[in-house]
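Peer 1: Have a look at this one before I ask anything.
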Amino acid sequence: MSALYGETVTLVRAPLKVDKYGNATTERDWSAAERWSYYGLMVQPDTSAEVTGDRPTVITGWRLITPKGVPFPALPTDRVEWDGLTLSVDGEVGRFRVRGRLHHVEARLKRVSG
């Protein structure tokens, strides 16, 4: 495996909160989250810029990439812990296939505030 794929990340998945009547809400209960560690991945800076009014804003995020053939089961509602940061999965996770087989997985990540 290439030295580029040397990162360890923790995938964090939280269940939905339950209200006092026993109904699932739309909020996640991060205190009850499950965690799984994944080794040999790549995390690199991923920057985009957007213009709000007359002022440009730079938003910095990260891109997680797996080596060839390595699955990463992240969902858009998951978080990733890496390098002392808690990051949320930003949008759909890309699972790239070649001739029907998984080639690699890519996920955009952004910092969780609060």
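By convention here, the chains of the structure tokens are called A, B, ... in the order presented, each chain's residues are numbered starting at 1, and ligands are numbered starting at 1 in the order presented.
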Which neighbours of A:Gly40 fall inside 7 Å, counting only C-alpha atoms, when residues of the same chain fewer than 3 positions from it are skipped, and could you give them as a ChimeraX atom specification?
Peer 2: /A:5-8
Peer 1: Do a neighbour search on A:Arg111 at 8 Å with only C-alpha atoms, toss out local chain neighbours closer than 2 positions, and write the hits as a ChimeraX atom specification.
Peer 2: /A:61,85-88,109,113
Peer 1: Atoms to include: N, CA, C and O atoms. Write the selected residues as a PDB file, in the first residue's frame.
Peer 2:
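Generated file (again.pdb):
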ATOM      1  N   GLY A  61     -12.429  22.344   3.694  1.00  0.00           N
ATOM      2  CA  GLY A  61     -12.872  21.042   4.157  1.00  0.00           C
ATOM      3  C   GLY A  61     -11.793  20.025   3.863  1.00  0.00           C
ATOM      4  O   GLY A  61     -10.642  20.369   3.601  1.00  0.00           O
ATOM      5  N   LEU A  85      -9.953  16.168  15.092  1.00  0.00           N
ATOM      6  CA  LEU A  85     -11.098  16.916  14.591  1.00  0.00           C
ATOM      7  C   LEU A  85     -12.329  16.026  14.506  1.00  0.00           C
ATOM      8  O   LEU A  85     -12.222  14.820  14.279  1.00  0.00           O
ATOM      9  N   THR A  86     -13.491  16.631  14.657  1.00  0.00           N
ATOM     10  CA  THR A  86     -14.747  15.947  14.370  1.00  0.00           C
ATOM     11  C   THR A  86     -15.301  16.588  13.108  1.00  0.00           C
ATOM     12  O   THR A  86     -15.535  17.796  13.055  1.00  0.00           O
ATOM     13  N   LEU A  87     -15.483  15.768  12.083  1.00  0.00           N
ATOM     14  CA  LEU A  87     -15.911  16.235  10.766  1.00  0.00           C
ATOM     15  C   LEU A  87     -17.208  15.538  10.381  1.00  0.00           C
ATOM     16  O   LEU A  87     -17.397  14.358  10.682  1.00  0.00           O
ATOM     17  N   SER A  88     -18.084  16.256   9.705  1.00  0.00           N
ATOM     18  CA  SER A  88     -19.310  15.619   9.218  1.00  0.00           C
ATOM     19  C   SER A  88     -19.153  15.286   7.745  1.00  0.00           C
ATOM     20  O   SER A  88     -18.446  15.984   7.001  1.00  0.00           O
ATOM     21  N   LEU A 109     -15.674  16.110   3.605  1.00  0.00           N
ATOM     22  CA  LEU A 109     -15.863  16.294   5.032  1.00  0.00           C
ATOM     23  C   LEU A 109     -15.792  17.769   5.379  1.00  0.00           C
ATOM     24  O   LEU A 109     -15.048  18.518   4.733  1.00  0.00           O
ATOM     25  N   SER A 113     -19.306  22.240  14.017  1.00  0.00           N
ATOM     26  CA  SER A 113     -19.212  23.319  15.020  1.00  0.00           C
ATOM     27  C   SER A 113     -20.129  22.989  16.195  1.00  0.00           C
ATOM     28  O   SER A 113     -21.220  22.468  16.016  1.00  0.00           O
TER      29      SER A 113
END
Peer 1: When you look at A:Gln44 with a cut-off of 7 Å (counting only C-alpha atoms), what residues show up, excluding the ones that are within fewer than 4 positions of it in the same chain? I need them as a list of chain:residue names.
Peer 2: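 Listing them by chain and then by number gives A:Trp62, A:Arg63, A:Leu64.
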Peer 1: Taking only C-alpha atoms into account, name the residue in A:Ala33, A:Ala24, A:Val98, A:Leu41 that is nearest to A:Ser2.
Peer 2: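 Closest to A:Ser2 of all the choices is A:Leu41.
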Peer 1: Hey, which of A:Asp29, A:Glu34, A:Glu106, A:Asp54 ends up closest to A:Lys17? Count only C-alpha atoms.
Peer 2: A:Asp29
Peer 1: Using DSSP secondary structure from the backbone, list all strand (DSSP E or B) positions within chain A, as a PyMOL selection string.
Peer 2: chain A and resi 7-13+16-18+24-28+34-52+55-65+79-82+85-89+94-98+101-111
Peer 1: Between atom CA of A:Arg13 and atom CA of A:Tyr38, measure the distance and give it in Å to one decimal.
Peer 2: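 These two atoms are separated by 13.7 Å.
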Peer 1: So which one's closest to A:Leu75, A:Ala32, A:Ala3, A:Val93, A:Ala14? Using only C-alpha atoms, please.
Peer 2: A:Val93
Peer 1: For A:Thr26, find every residue with an atom within 12 Å (counting only C-alpha atoms), except residues of its own chain fewer than 4 positions away, and show them as a list in words.
Peer 2: Ala14, Pro15, Leu16, Lys17, Val18, Asp19 and Thr77 of chain A
Peer 1: Write a file of the just-selected residues containing N, CA and C atoms, as a CSV table (one decimal), in the first residue's frame.
Peer 2:
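Writing the result to again-v6.csv gives the following:
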chain,number,residue,atom,x,y,z
A,14,ALA,N,-24.7,7.9,14.6
A,14,ALA,CA,-25.5,8.1,15.7
A,14,ALA,C,-27.0,7.8,15.4
A,15,PRO,N,-27.7,7.2,16.3
A,15,PRO,CA,-29.1,6.9,16.1
A,15,PRO,C,-29.9,8.2,16.2
A,16,LEU,N,-31.2,8.2,15.7
A,16,LEU,CA,-32.0,9.3,15.9
A,16,LEU,C,-32.5,9.4,17.3
A,17,LYS,N,-32.6,10.7,17.8
A,17,LYS,CA,-33.1,10.9,19.2
A,17,LYS,C,-34.6,10.4,19.2
A,18,VAL,N,-35.0,10.1,20.4
A,18,VAL,CA,-36.4,9.7,20.6
A,18,VAL,C,-37.1,10.7,21.6
A,19,ASP,N,-38.3,11.1,21.2
A,19,ASP,CA,-39.0,12.1,22.0
A,19,ASP,C,-39.6,11.4,23.2
A,77,THR,N,-25.2,11.1,6.8
A,77,THR,CA,-25.6,11.5,8.2
A,77,THR,C,-24.5,11.2,9.2
Peer 1: Looking at only C-alpha atoms, which of A:Met42, A:Leu11, A:Leu4, A:Val89 is the one that sits closest to A:Ala107?
Peer 2: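 Distance minimum relative to A:Ala107 lands on A:Val89.
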